[in-house]
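See below for structure_3.cif, which holds mmCIF, C-alpha atoms and all ligand atoms.
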```cif
data_upload
loop_
_atom_site.label_atom_id
_atom_site.label_comp_id
_atom_site.auth_asym_id
_atom_site.auth_seq_id
_atom_site.Cartn_x
_atom_site.Cartn_y
_atom_site.Cartn_z
CA MET A 1 28.34 19.92 13.26
CA SER A 2 31.42 20.61 11.24
CA HIS A 3 35.02 19.55 10.86
CA THR A 4 35.72 21.35 14.11
CA THR A 5 33.78 18.61 15.91
CA PRO A 6 36.01 17.47 18.79
CA LEU A 7 37.43 14.02 18.11
CA THR A 8 37.60 12.94 21.74
CA GLU A 9 35.64 10.22 23.50
CA GLU A 10 34.70 12.79 26.16
CA HIS A 11 32.87 14.79 23.51
CA ALA A 12 30.93 11.66 22.46
CA GLN A 13 29.98 11.11 26.10
CA ALA A 14 28.84 14.73 26.41
CA LEU A 15 26.62 14.27 23.36
CA ASP A 16 25.12 11.18 24.98
CA ALA A 17 24.51 13.05 28.21
CA ALA A 18 22.54 15.71 26.30
CA ASP A 19 20.60 13.20 24.18
CA GLN A 20 16.84 13.29 24.81
CA LEU A 21 16.32 9.84 23.30
CA ALA A 22 19.15 8.12 25.19
CA GLY A 23 16.69 6.39 27.57
CA PHE A 24 15.15 4.36 24.74
CA ARG A 25 18.27 2.21 24.46
CA ASP A 26 17.28 0.31 27.62
CA ARG A 27 14.15 -0.87 25.85
CA PHE A 28 16.25 -2.83 23.33
CA TYR A 29 18.27 -6.02 23.41
CA VAL A 30 21.63 -4.88 22.07
CA PRO A 31 23.76 -7.99 21.40
CA GLU A 32 26.38 -8.29 24.13
CA GLY A 33 29.75 -6.76 23.31
CA THR A 34 28.72 -5.25 19.98
CA VAL A 35 28.35 -1.83 18.47
CA TYR A 36 25.35 -2.66 16.30
CA LEU A 37 25.29 -0.44 13.21
CA ASP A 38 23.21 -2.73 11.01
CA GLY A 39 19.72 -1.63 12.05
CA ASN A 40 19.09 -0.49 8.48
CA SER A 41 19.15 -4.17 7.50
CA LEU A 42 17.63 -5.75 10.57
CA GLY A 43 16.56 -3.59 13.51
CA LEU A 44 16.99 -4.96 17.03
CA LEU A 45 14.34 -6.46 19.25
CA SER A 46 12.73 -4.20 21.84
CA ARG A 47 11.13 -5.46 25.04
CA ASP A 48 7.90 -3.95 23.72
CA ALA A 49 8.02 -5.97 20.47
CA GLU A 50 8.91 -9.07 22.47
CA ARG A 51 5.90 -8.49 24.74
CA THR A 52 3.42 -8.21 21.87
CA ALA A 53 4.96 -11.17 20.02
CA LEU A 54 4.61 -13.33 23.13
CA ALA A 55 1.08 -12.04 23.67
CA ALA A 56 0.12 -13.27 20.20
CA LEU A 57 1.39 -16.75 21.05
CA GLU A 58 -0.56 -16.62 24.31
CA HIS A 59 -3.72 -15.60 22.44
CA TRP A 60 -3.25 -18.48 20.05
CA LYS A 61 -2.63 -20.81 23.02
CA THR A 62 -5.71 -19.71 24.96
CA LEU A 63 -8.17 -18.58 22.31
CA GLY A 64 -7.51 -20.75 19.28
CA ILE A 65 -9.74 -19.65 16.40
CA ASP A 66 -11.44 -17.03 18.60
CA GLY A 67 -8.23 -14.99 18.43
CA TRP A 68 -9.47 -13.60 15.13
CA MET A 69 -12.00 -11.48 17.03
CA ARG A 70 -11.04 -11.71 20.69
CA ALA A 71 -7.28 -11.27 20.71
CA GLU A 72 -6.16 -7.79 21.67
CA PRO A 73 -5.81 -6.25 19.19
CA ASP A 74 -8.03 -8.62 17.20
CA TRP A 75 -6.29 -10.45 14.38
CA PHE A 76 -9.04 -9.83 11.85
CA THR A 77 -8.44 -6.09 11.46
CA ILE A 78 -4.77 -6.05 12.45
CA GLY A 79 -3.59 -4.86 9.02
CA GLU A 80 -5.91 -1.85 9.03
CA ARG A 81 -5.24 -0.96 12.68
CA LEU A 82 -1.47 -1.10 12.37
CA GLY A 83 -1.70 0.75 9.07
CA ALA A 84 -3.56 3.53 10.87
CA ALA A 85 -0.95 3.46 13.65
CA MET A 86 1.81 3.80 11.07
CA ALA A 87 0.15 6.48 8.96
CA GLY A 88 1.63 9.38 10.92
CA LEU A 89 5.16 8.09 10.30
CA VAL A 90 4.72 8.57 6.57
CA GLY A 91 2.31 11.54 6.56
CA ALA A 92 -0.74 9.61 5.39
CA GLU A 93 -4.40 9.37 6.36
CA PRO A 94 -5.18 6.30 8.50
CA ASP A 95 -7.05 4.52 5.69
CA GLU A 96 -4.26 5.14 3.17
CA VAL A 97 -1.87 2.69 4.85
CA VAL A 98 -2.26 -1.01 5.50
CA VAL A 99 0.19 -3.43 7.08
CA THR A 100 0.43 -6.41 4.77
CA GLY A 101 2.80 -8.41 2.59
CA GLY A 102 6.41 -7.38 2.10
CA THR A 103 8.21 -4.77 0.04
CA THR A 104 8.53 -6.78 -3.17
CA VAL A 105 5.14 -8.46 -2.89
CA ASN A 106 3.44 -5.12 -2.27
CA LEU A 107 5.33 -3.62 -5.18
CA HIS A 108 3.86 -6.30 -7.42
CA ALA A 109 0.38 -5.67 -6.00
CA LEU A 110 0.61 -1.92 -6.65
CA VAL A 111 2.56 -1.80 -9.90
CA SER A 112 0.20 -4.35 -11.42
CA THR A 113 -2.65 -2.01 -10.49
CA PHE A 114 -1.10 1.32 -11.47
CA TYR A 115 0.97 0.38 -14.52
CA ALA A 116 -1.39 0.93 -17.45
CA PRO A 117 0.76 0.63 -20.60
CA ARG A 118 -0.88 1.97 -23.72
CA ASP A 119 0.16 3.03 -27.19
CA GLY A 120 3.07 5.43 -26.96
CA ARG A 121 3.20 5.20 -23.13
CA ARG A 122 4.72 1.90 -22.12
CA ALA A 123 7.89 2.80 -20.23
CA ILE A 124 8.56 2.49 -16.51
CA LEU A 125 11.19 4.84 -15.08
CA ALA A 126 13.59 3.58 -12.42
CA THR A 127 17.33 4.09 -11.82
CA GLU A 128 20.50 2.10 -12.30
CA LEU A 129 21.16 2.25 -8.54
CA ASP A 130 17.89 0.64 -7.48
CA PHE A 131 17.64 -2.32 -5.17
CA PRO A 132 17.67 -5.41 -7.44
CA SER A 133 14.37 -6.82 -6.20
CA ASP A 134 12.54 -3.71 -7.41
CA VAL A 135 14.13 -4.04 -10.83
CA TYR A 136 13.20 -7.73 -11.06
CA ALA A 137 9.62 -6.88 -10.09
CA LEU A 138 9.40 -4.13 -12.70
CA GLN A 139 10.92 -6.34 -15.40
CA SER A 140 8.38 -9.05 -14.71
CA GLN A 141 5.47 -6.59 -14.58
CA ILE A 142 6.45 -5.27 -18.01
CA ALA A 143 6.73 -8.80 -19.40
CA LEU A 144 3.32 -9.71 -17.94
CA ARG A 145 1.81 -6.87 -19.97
CA GLY A 146 3.42 -8.10 -23.15
CA GLY A 147 6.19 -5.49 -23.06
CA ASP A 148 9.94 -5.85 -23.50
CA PRO A 149 11.81 -5.19 -20.23
CA GLU A 150 14.96 -4.23 -22.15
CA ARG A 151 13.08 -1.53 -24.01
CA ASP A 152 10.41 -0.48 -21.53
CA LEU A 153 12.37 -0.30 -18.28
CA ARG A 154 14.32 2.97 -18.34
CA ARG A 155 17.00 3.07 -15.68
CA VAL A 156 18.25 6.61 -15.20
CA ALA A 157 22.04 6.74 -14.93
CA SER A 158 24.02 7.98 -11.97
CA ARG A 159 26.64 10.63 -12.72
CA ASP A 160 28.95 9.55 -9.92
CA GLY A 161 28.02 5.93 -9.24
CA ARG A 162 26.53 6.91 -5.87
CA THR A 163 23.66 9.30 -6.39
CA VAL A 164 21.03 10.20 -8.96
CA GLU A 165 20.18 13.82 -9.70
CA GLU A 166 16.53 14.86 -9.49
CA ASP A 167 17.12 16.95 -12.64
CA ASP A 168 18.12 13.81 -14.55
CA LEU A 169 15.05 11.95 -13.29
CA ILE A 170 12.75 14.76 -14.34
CA ALA A 171 14.44 15.06 -17.74
CA ALA A 172 13.72 11.35 -18.24
CA MET A 173 9.98 11.75 -17.52
CA LEU A 174 9.16 11.73 -21.22
CA ASP A 175 5.83 11.21 -22.96
CA GLU A 176 6.38 7.46 -23.29
CA VAL A 177 6.67 7.00 -19.48
CA ALA A 178 3.59 5.47 -17.87
CA LEU A 179 4.90 4.97 -14.34
CA VAL A 180 7.84 6.07 -12.16
CA LEU A 181 9.08 3.92 -9.29
CA LEU A 182 11.91 5.33 -7.20
CA PRO A 183 13.53 4.63 -3.85
CA SER A 184 13.07 7.32 -1.21
CA VAL A 185 16.63 6.57 -0.06
CA PHE A 186 19.18 4.69 -2.17
CA TYR A 187 20.19 1.49 -0.41
CA ARG A 188 23.90 1.89 -1.06
CA SER A 189 24.78 5.57 -0.77
CA GLY A 190 21.94 6.62 1.54
CA GLN A 191 20.97 9.53 -0.76
CA LEU A 192 17.47 10.83 0.04
CA LEU A 193 15.48 11.93 -3.01
CA ASP A 194 13.25 15.00 -3.06
CA MET A 195 9.99 13.08 -3.23
CA GLU A 196 7.81 16.17 -3.24
CA ARG A 197 9.54 17.68 -6.26
CA LEU A 198 9.59 14.39 -8.15
CA THR A 199 5.91 13.76 -7.47
CA ALA A 200 4.94 17.21 -8.72
CA ALA A 201 7.08 16.76 -11.84
CA ALA A 202 5.58 13.34 -12.61
CA HIS A 203 2.03 14.58 -12.16
CA GLU A 204 2.61 17.63 -14.37
CA ARG A 205 3.45 15.12 -17.09
CA GLY A 206 0.48 12.83 -16.38
CA ILE A 207 2.69 10.07 -14.95
CA VAL A 208 1.83 7.88 -11.95
CA ILE A 209 4.58 7.82 -9.30
CA GLY A 210 5.36 5.42 -6.47
CA PHE A 211 8.20 5.12 -3.96
CA ASP A 212 10.03 2.27 -2.26
CA CYS A 213 10.46 3.68 1.23
CA ALA A 214 12.23 0.65 2.72
CA HIS A 215 15.24 2.78 3.68
CA SER A 216 13.35 5.76 5.03
CA ALA A 217 10.24 4.49 6.84
CA GLY A 218 10.77 4.94 10.54
CA VAL A 219 13.80 7.21 10.29
CA VAL A 220 12.82 9.98 7.82
CA PRO A 221 9.44 11.74 8.10
CA HIS A 222 7.32 11.78 4.94
CA GLU A 223 4.31 13.75 3.76
CA LEU A 224 3.02 11.21 1.26
CA SER A 225 -0.57 12.56 1.22
CA ARG A 226 0.38 16.22 1.02
CA TRP A 227 2.87 15.54 -1.76
CA GLY A 228 0.20 13.54 -3.59
CA VAL A 229 2.36 10.42 -4.04
CA ASP A 230 0.24 7.76 -5.77
CA PHE A 231 1.55 4.73 -3.91
CA ALA A 232 4.42 3.53 -1.72
CA VAL A 233 5.74 0.36 -0.11
CA TRP A 234 8.14 -0.36 2.75
CA CYS A 235 9.22 -3.02 5.21
CA SER A 236 9.12 -3.04 8.98
CA TYR A 237 12.24 -5.07 9.73
CA LYS A 238 14.74 -2.24 9.28
CA TYR A 239 14.20 1.05 11.16
CA LEU A 240 10.82 -0.14 12.47
CA ASN A 241 12.39 -3.04 14.40
CA ALA A 242 9.59 -5.58 13.90
CA GLY A 243 11.89 -8.56 13.31
CA PRO A 244 13.31 -10.71 10.53
CA GLY A 245 10.82 -11.11 7.71
CA ALA A 246 8.18 -9.10 9.57
CA VAL A 247 5.15 -8.04 7.58
CA GLY A 248 5.54 -4.85 5.49
CA ALA A 249 3.20 -2.00 4.59
CA LEU A 250 1.76 -0.17 1.62
CA TYR A 251 0.25 3.23 0.99
CA VAL A 252 -2.33 4.17 -1.64
CA ASN A 253 -3.43 7.78 -1.99
CA ARG A 254 -7.12 8.35 -1.17
CA ARG A 255 -7.88 9.53 -4.69
CA HIS A 256 -7.34 5.94 -5.83
CA ALA A 257 -9.65 4.44 -3.19
CA GLY A 258 -12.23 2.20 -4.80
CA LEU A 259 -9.92 1.14 -7.62
CA ARG A 260 -9.96 -2.62 -8.15
CA PRO A 261 -6.58 -4.09 -7.17
CA ALA A 262 -5.06 -6.07 -10.03
CA LEU A 263 -4.15 -8.88 -7.62
CA SER A 264 -7.31 -9.24 -5.55
CA GLY A 265 -7.86 -11.64 -2.68
CA TRP A 266 -10.39 -12.07 0.06
CA TRP A 267 -8.45 -10.08 2.64
CA GLY A 268 -8.97 -6.98 0.51
CA TYR A 269 -12.74 -7.45 0.55
CA ASP A 270 -15.06 -5.14 2.46
CA LYS A 271 -14.42 -6.35 6.02
CA SER A 272 -18.03 -6.31 7.13
CA ARG A 273 -18.96 -8.74 4.38
CA GLN A 274 -15.79 -10.76 3.84
CA PHE A 275 -17.33 -13.87 5.33
CA ASP A 276 -20.46 -13.65 3.18
CA MET A 277 -18.25 -15.60 0.77
CA VAL A 278 -19.93 -14.22 -2.33
CA HIS A 279 -17.99 -14.19 -5.57
CA ALA A 280 -18.79 -10.63 -6.71
CA TRP A 281 -15.91 -8.29 -5.71
CA GLU A 282 -16.65 -5.65 -3.10
CA GLY A 283 -13.36 -4.01 -2.16
CA ALA A 284 -12.51 -2.45 1.19
CA GLY A 285 -12.63 1.34 1.02
CA GLY A 286 -8.99 2.33 1.41
CA ALA A 287 -5.53 0.83 1.07
CA GLY A 288 -6.89 -2.28 2.82
CA ALA A 289 -8.25 -3.40 -0.55
CA TRP A 290 -4.68 -4.26 -1.61
CA GLN A 291 -4.35 -6.99 1.02
CA ILE A 292 -4.48 -10.41 -0.58
CA GLY A 293 -4.60 -13.26 1.92
CA THR A 294 -4.65 -14.08 5.63
CA PRO A 295 -2.16 -11.92 7.56
CA PRO A 296 0.80 -13.73 9.17
CA ILE A 297 -0.13 -12.87 12.75
CA LEU A 298 3.10 -14.13 14.32
CA ALA A 299 5.17 -12.02 11.90
CA THR A 300 2.92 -9.02 12.56
CA ALA A 301 2.58 -9.06 16.34
CA PRO A 302 6.08 -7.67 17.14
CA LEU A 303 5.20 -4.60 15.09
CA ILE A 304 2.49 -3.66 17.61
CA GLY A 305 5.07 -3.07 20.35
CA ALA A 306 7.68 -1.74 17.96
CA LEU A 307 5.29 1.00 16.81
CA GLU A 308 4.52 1.95 20.41
CA VAL A 309 8.22 2.68 20.97
CA HIS A 310 8.34 4.73 17.77
CA ALA A 311 5.25 6.69 18.74
CA GLU A 312 6.72 7.55 22.13
CA ALA A 313 9.97 8.79 20.61
CA GLY A 314 8.25 10.63 17.74
CA ILE A 315 9.48 10.67 14.17
CA SER A 316 10.72 14.28 14.26
CA ARG A 317 12.97 13.63 17.27
CA ILE A 318 14.14 10.41 15.62
CA ARG A 319 15.03 12.28 12.42
CA GLU A 320 16.77 15.05 14.35
CA LYS A 321 18.97 12.58 16.21
CA SER A 322 19.58 10.50 13.11
CA LEU A 323 20.87 13.55 11.23
CA SER A 324 22.99 14.57 14.18
CA GLN A 325 24.49 11.07 14.49
CA THR A 326 25.20 10.60 10.79
CA ALA A 327 26.78 14.08 10.68
CA TYR A 328 28.90 13.18 13.72
CA LEU A 329 29.99 9.92 12.11
CA ILE A 330 30.96 11.67 8.88
CA ASP A 331 32.79 14.41 10.79
CA LEU A 332 34.76 11.87 12.82
CA ILE A 333 35.75 9.92 9.71
CA GLU A 334 36.84 13.02 7.83
CA GLY A 335 38.24 14.86 10.86
CA SER A 336 40.49 11.99 11.89
CA GLY A 337 42.11 11.74 8.51
CA LEU A 338 40.54 8.45 7.46
CA THR A 339 39.66 9.82 4.04
CA GLY A 340 43.31 10.55 3.29
CA ALA A 341 45.60 8.30 1.24
CA ASP A 342 46.94 6.50 4.35
CA TYR A 343 43.59 5.03 5.21
CA GLY A 344 41.76 5.12 1.88
CA TYR A 345 38.20 5.59 3.09
CA ALA A 346 35.66 7.79 1.29
CA VAL A 347 32.21 8.91 2.37
CA GLY A 348 29.68 8.17 -0.38
CA THR A 349 26.67 9.74 1.35
CA PRO A 350 25.59 13.29 0.46
CA ALA A 351 26.65 15.84 3.05
CA GLU A 352 23.49 17.98 2.80
CA THR A 353 20.92 17.06 5.43
CA SER A 354 18.09 17.31 2.90
CA ARG A 355 19.75 14.59 0.78
CA ARG A 356 20.79 12.20 3.55
CA GLY A 357 18.77 9.19 4.75
CA GLY A 358 19.56 7.20 7.88
CA HIS A 359 22.85 5.51 7.09
CA VAL A 360 26.35 6.46 6.02
CA ALA A 361 28.11 4.71 3.15
CA VAL A 362 31.80 4.34 3.89
CA GLU A 363 33.69 3.23 0.81
CA HIS A 364 36.99 1.37 0.72
CA ALA A 365 38.84 -0.58 -1.97
CA SER A 366 38.97 -3.59 0.38
CA ALA A 367 35.52 -3.07 1.85
CA ALA A 368 34.70 -6.78 2.26
CA ARG A 369 37.84 -7.36 4.32
CA VAL A 370 37.30 -4.19 6.34
CA ALA A 371 33.69 -5.19 7.08
CA ARG A 372 34.81 -8.63 8.25
CA ALA A 373 37.54 -7.13 10.43
CA LEU A 374 35.09 -4.64 11.95
CA LYS A 375 32.74 -7.47 12.85
CA ALA A 376 35.59 -9.40 14.45
CA ARG A 377 36.17 -6.28 16.58
CA GLY A 378 32.53 -6.21 17.66
CA VAL A 379 31.37 -3.47 15.30
CA VAL A 380 28.51 -4.80 13.17
CA PRO A 381 28.40 -3.07 9.77
CA ASP A 382 26.72 -4.05 6.56
CA PHE A 383 28.71 -4.72 3.41
CA ARG A 384 27.33 -3.98 -0.04
CA ALA A 385 29.44 -5.06 -2.99
CA PRO A 386 31.70 -3.95 -4.38
CA ASN A 387 33.05 -1.27 -2.04
CA VAL A 388 30.47 -0.01 0.45
CA ILE A 389 30.37 -0.49 4.20
CA ARG A 390 27.05 0.83 5.43
CA LEU A 391 27.00 2.17 8.98
CA ALA A 392 23.63 3.05 10.46
CA PRO A 393 23.43 4.71 13.87
CA ILE A 394 19.89 3.97 15.05
CA PRO A 395 18.48 6.88 17.08
CA LEU A 396 16.53 4.58 19.40
CA TYR A 397 19.51 2.54 20.52
CA THR A 398 22.88 3.74 19.20
CA SER A 399 24.95 6.04 21.40
CA TYR A 400 27.42 8.68 20.27
CA ALA A 401 30.11 6.82 22.24
CA GLU A 402 29.46 3.77 20.06
CA ILE A 403 29.85 5.85 16.91
CA TRP A 404 33.15 7.09 18.29
CA ARG A 405 34.23 3.48 18.94
CA ALA A 406 33.22 2.43 15.44
CA VAL A 407 35.42 5.13 13.91
CA GLU A 408 38.32 4.04 16.13
CA ALA A 409 37.77 0.52 14.78
CA LEU A 410 37.83 1.80 11.18
CA ARG A 411 41.25 3.27 11.92
CA ASP A 412 42.56 0.25 13.88
CA VAL A 413 41.62 -2.18 11.09
CA ILE A 414 43.86 -0.32 8.65
CA ASP A 415 46.63 0.29 11.21
CA ALA A 416 46.72 -3.45 11.85
CA GLY A 417 46.81 -4.20 8.09
CA GLU A 418 43.63 -6.27 8.34
CA HIS A 419 42.46 -4.86 5.00
CA LEU A 420 45.39 -6.54 3.26
CA THR A 421 44.84 -10.14 4.28
CA GLY A 422 42.02 -12.66 4.41
CA ASP A 423 38.98 -13.26 2.32
CA ASP A 424 37.98 -10.30 0.14
CA ARG A 425 34.70 -11.83 -0.95
CA ARG A 426 31.34 -11.13 0.54
CA GLU A 427 29.51 -13.58 2.77
CA LEU A 428 26.46 -15.42 1.37
CA VAL A 429 24.14 -13.00 3.14
CA ALA A 430 25.86 -9.64 3.06
C1 LIG A 501 15.17 -0.78 -0.95
C2 LIG A 501 14.69 -2.20 -0.83
N1 LIG A 501 13.70 -2.60 -1.63
C3 LIG A 501 13.24 -3.88 -1.57
C4 LIG A 501 13.77 -4.78 -0.69
C5 LIG A 501 13.25 -6.18 -0.68
O1 LIG A 501 12.43 -6.35 0.44
P1 LIG A 501 11.60 -7.69 0.69
O2 LIG A 501 12.58 -8.81 0.72
O3 LIG A 501 11.00 -7.46 2.05
O4 LIG A 501 10.61 -7.83 -0.38
C6 LIG A 501 14.79 -4.39 0.17
C7 LIG A 501 15.38 -5.34 1.14
O5 LIG A 501 16.27 -5.07 1.88
C8 LIG A 501 15.27 -3.05 0.10
O6 LIG A 501 16.27 -2.63 0.88
#
```
Now, as a test, write the supplied structure out as structure tokens.
Amino acid sequence: MSHTTPLTEEHAQALDAADQLAGFRDRFYVPEGTVYLDGNSLGLLSRDAERTALAALEHWKTLGIDGWMRAEPDWFTIGERLGAAMAGLVGAEPDEVVVTGGTTVNLHALVSTFYAPRDGRRAILATELDFPSDVYALQSQIALRGGDPERDLRRVASRDGRTVEEDDLIAAMLDEVALVLLPSVFYRSGQLLDMERLTAAAHERGIVIGFDCAHSAGVVPHELSRWGVDFAVWCSYKYLNAGPGAVGALYVNRRHAGLRPALSGWWGYDKSRQFDMVHAWEGAGGAGAWQIGTPPILATAPLIGALEVHAEAGISRIREKSLSQTAYLIDLIEGSGLTGADYGYAVGTPAETSRRGGHVAVEHASAARVARALKARGVVPDFRAPNVIRLAPIPLYTSYAEIWRAVEALRDVIDAGEHLTGDDRRELVA
């Protein structure tokens, strides 16, 4: 697409008519009367996820304790099975992924294992645009090892406040760096990092590298194994549509299989002998070893159905449509003059497809007010202080006509002066 993209609603409808994935929308519960563009925070419920969630309750109701082995799929190996089902989404071998924990918890489990500070190599490399939870986790991991978070956590600066250059990250991979932890996609701007290049650069320098893929899993394909990434974590409540607080996932490259997790628990034990209850550690072979305790079955079950929908659509078609929809959104915003002085919007997401994740960051000086006004008009965005309105067209359920309507709403909010009045603070959960 380009700035010659037609700005008409008819064009949006024509794009919908040609969309191969359009049929998937009927599988989802889209809240009545809304254009839901917040699936990068909380994806919507599909009928498939609902079915498998209800099935888990039914298994509990009818099987009681026997659900651990007789539920379908059995609860005992659910983390490994869903990990295997998810592996293709991130380009991993089935035993390199396990569904367990949550993004921050898994980060602790993996950083505590892979961060090996030693004389002259104590630093962890991150960026100043990282999601705060990752930074808190890294600070506390450094402190746990007797380090000084102020000194040992190196946060690479952004040149423009939106993005971080791969060149700057590589230049910061100095001899004193023991571990690099980066987001695949920055949560504010939606910039996608070149994970392959960064992994190669880290390994050339003898540095372990992991990624937080919370904003890319399920919308951007990965090749974690081929790139040789050491470890990764992500959640399943955003693009994977498994529900609020649903269980997350982690990836550990096969070359680390057999390593003793720093935070061990019985769920990471060799499955065939877990119930021998012996005290000598015998870890599961693959990523499963990084599980800690009993899986939350009711927060895992929706993921079974959610992954079925994803598998049917296929990650490459999802990525293709996502790129087409984010390009369309950017073109409409720029093509209809919203980035001019009269409207005051700016697009903070990189234009190049290779640097763009699944959402578009629309910036405005009164972003909190604009986000509130959009919501009042039935367009559900996501505000990130101080000036970003994130809009995420979700390939499985967002139509081009809805994107068109959202851009109309961006214009109407300013035309009506709604950015000038009302509360300009964020909500408690924003
Ligand atoms: C990039 C990123 N990392 C980490 C987290 C924290 O995830 P959790 O609360 O599941 O640990 C989030 C949450 O939205 C996130 O977007």
Closest pair table for chain A residues within 10 Å of ligand LIG 501 (chain A), only C-alpha atoms and all ligand atoms, as JSON lines:
```
{"residue": "A:Asn40", "atom": "CA", "partner": "A:LIG501", "partner_atom": "O6", "distance": 8.4}
{"residue": "A:Ser41", "atom": "CA", "partner": "A:LIG501", "partner_atom": "O5", "distance": 6.4}
{"residue": "A:Leu42", "atom": "CA", "partner": "A:LIG501", "partner_atom": "O5", "distance": 8.8}
{"residue": "A:Gly101", "atom": "CA", "partner": "A:LIG501", "partner_atom": "O3", "distance": 8.3}
{"residue": "A:Gly102", "atom": "CA", "partner": "A:LIG501", "partner_atom": "O3", "distance": 4.6}
{"residue": "A:Thr103", "atom": "CA", "partner": "A:LIG501", "partner_atom": "O4", "distance": 3.9}
{"residue": "A:Thr104", "atom": "CA", "partner": "A:LIG501", "partner_atom": "O4", "distance": 3.6}
{"residue": "A:Val105", "atom": "CA", "partner": "A:LIG501", "partner_atom": "O4", "distance": 6.1}
{"residue": "A:Asn106", "atom": "CA", "partner": "A:LIG501", "partner_atom": "O4", "distance": 7.9}
{"residue": "A:Leu107", "atom": "CA", "partner": "A:LIG501", "partner_atom": "O4", "distance": 8.3}
{"residue": "A:His108", "atom": "CA", "partner": "A:LIG501", "partner_atom": "O4", "distance": 9.9}
{"residue": "A:Asp130", "atom": "CA", "partner": "A:LIG501", "partner_atom": "C1", "distance": 7.2}
{"residue": "A:Phe131", "atom": "CA", "partner": "A:LIG501", "partner_atom": "C1", "distance": 5.1}
{"residue": "A:Pro132", "atom": "CA", "partner": "A:LIG501", "partner_atom": "C3", "distance": 7.5}
{"residue": "A:Ser133", "atom": "CA", "partner": "A:LIG501", "partner_atom": "C3", "distance": 5.6}
{"residue": "A:Asp134", "atom": "CA", "partner": "A:LIG501", "partner_atom": "C3", "distance": 5.9}
{"residue": "A:Val135", "atom": "CA", "partner": "A:LIG501", "partner_atom": "C3", "distance": 9.3}
{"residue": "A:Ala137", "atom": "CA", "partner": "A:LIG501", "partner_atom": "C3", "distance": 9.7}
{"residue": "A:Leu182", "atom": "CA", "partner": "A:LIG501", "partner_atom": "C1", "distance": 9.3}
{"residue": "A:Pro183", "atom": "CA", "partner": "A:LIG501", "partner_atom": "C1", "distance": 6.4}
{"residue": "A:Ser184", "atom": "CA", "partner": "A:LIG501", "partner_atom": "C1", "distance": 8.4}
{"residue": "A:Val185", "atom": "CA", "partner": "A:LIG501", "partner_atom": "C1", "distance": 7.5}
{"residue": "A:Phe186", "atom": "CA", "partner": "A:LIG501", "partner_atom": "C1", "distance": 6.9}
{"residue": "A:Tyr187", "atom": "CA", "partner": "A:LIG501", "partner_atom": "C1", "distance": 5.5}
{"residue": "A:Arg188", "atom": "CA", "partner": "A:LIG501", "partner_atom": "O6", "distance": 9.1}
{"residue": "A:Phe211", "atom": "CA", "partner": "A:LIG501", "partner_atom": "C1", "distance": 9.6}
{"residue": "A:Asp212", "atom": "CA", "partner": "A:LIG501", "partner_atom": "C1", "distance": 6.1}
{"residue": "A:Cys213", "atom": "CA", "partner": "A:LIG501", "partner_atom": "C1", "distance": 6.8}
{"residue": "A:Ala214", "atom": "CA", "partner": "A:LIG501", "partner_atom": "C1", "distance": 4.9}
{"residue": "A:His215", "atom": "CA", "partner": "A:LIG501", "partner_atom": "C1", "distance": 5.8}
{"residue": "A:Ser216", "atom": "CA", "partner": "A:LIG501", "partner_atom": "C1", "distance": 9.0}
{"residue": "A:Val233", "atom": "CA", "partner": "A:LIG501", "partner_atom": "N1", "distance": 8.6}
{"residue": "A:Trp234", "atom": "CA", "partner": "A:LIG501", "partner_atom": "N1", "distance": 7.4}
{"residue": "A:Cys235", "atom": "CA", "partner": "A:LIG501", "partner_atom": "O3", "distance": 5.7}
{"residue": "A:Ser236", "atom": "CA", "partner": "A:LIG501", "partner_atom": "O3", "distance": 8.4}
{"residue": "A:Tyr237", "atom": "CA", "partner": "A:LIG501", "partner_atom": "O3", "distance": 8.1}
{"residue": "A:Lys238", "atom": "CA", "partner": "A:LIG501", "partner_atom": "O5", "distance": 8.1}
{"residue": "A:Pro244", "atom": "CA", "partner": "A:LIG501", "partner_atom": "O3", "distance": 9.4}
{"residue": "A:Gly245", "atom": "CA", "partner": "A:LIG501", "partner_atom": "O3", "distance": 6.7}
{"residue": "A:Ala246", "atom": "CA", "partner": "A:LIG501", "partner_atom": "O3", "distance": 8.2}
{"residue": "A:Val247", "atom": "CA", "partner": "A:LIG501", "partner_atom": "O3", "distance": 8.1}
{"residue": "A:Gly248", "atom": "CA", "partner": "A:LIG501", "partner_atom": "O3", "distance": 7.0}
{"residue": "A:Ala249", "atom": "CA", "partner": "A:LIG501", "partner_atom": "O3", "distance": 9.9}
```
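Across the structure, CA of Val97 in chain A and CA of Ala84 in chain A are spaced 6.3 Å apart.
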Show which residues sit within 10 Å of range 239-243 of chain A, as a ChimeraX atom specification. Count all atoms listed in the file, and ignore same-chain residues fewer than 3 positions away.
-> /A:28,38-46,49-50,53,86,214-220,235-236,246-248,299-307,309-310,358,392,394-396
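The nearest approach to Leu57 in chain A among the residues A:Ala71, A:Val180, A:Leu174, A:Ile330, with all atoms listed in the file taken into account, belongs to A:Ala71.
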When you look at range 414-428 of chain A with a cut-off of 6 Å (counting all atoms listed in the file), what residues show up, excluding the ones that are within fewer than 5 positions of it in the same chain? I need them as a compact mmCIF listing (two decimals) with C-alpha atoms, keeping the file's coordinate frame.
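Dumped to result.txt:
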```
# COMPACT_ATOMS: atom_id res chain seq x y z
CA SER A 366 38.97 -3.59 0.38
CA ALA A 368 34.70 -6.78 2.26
CA ARG A 369 37.84 -7.36 4.32
CA VAL A 370 37.30 -4.19 6.34
```
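Nearest residue to Glu223 in chain A among A:Ala201, A:Val90, A:Ser354, A:Val208 is A:Val90, counting all atoms listed in the file.
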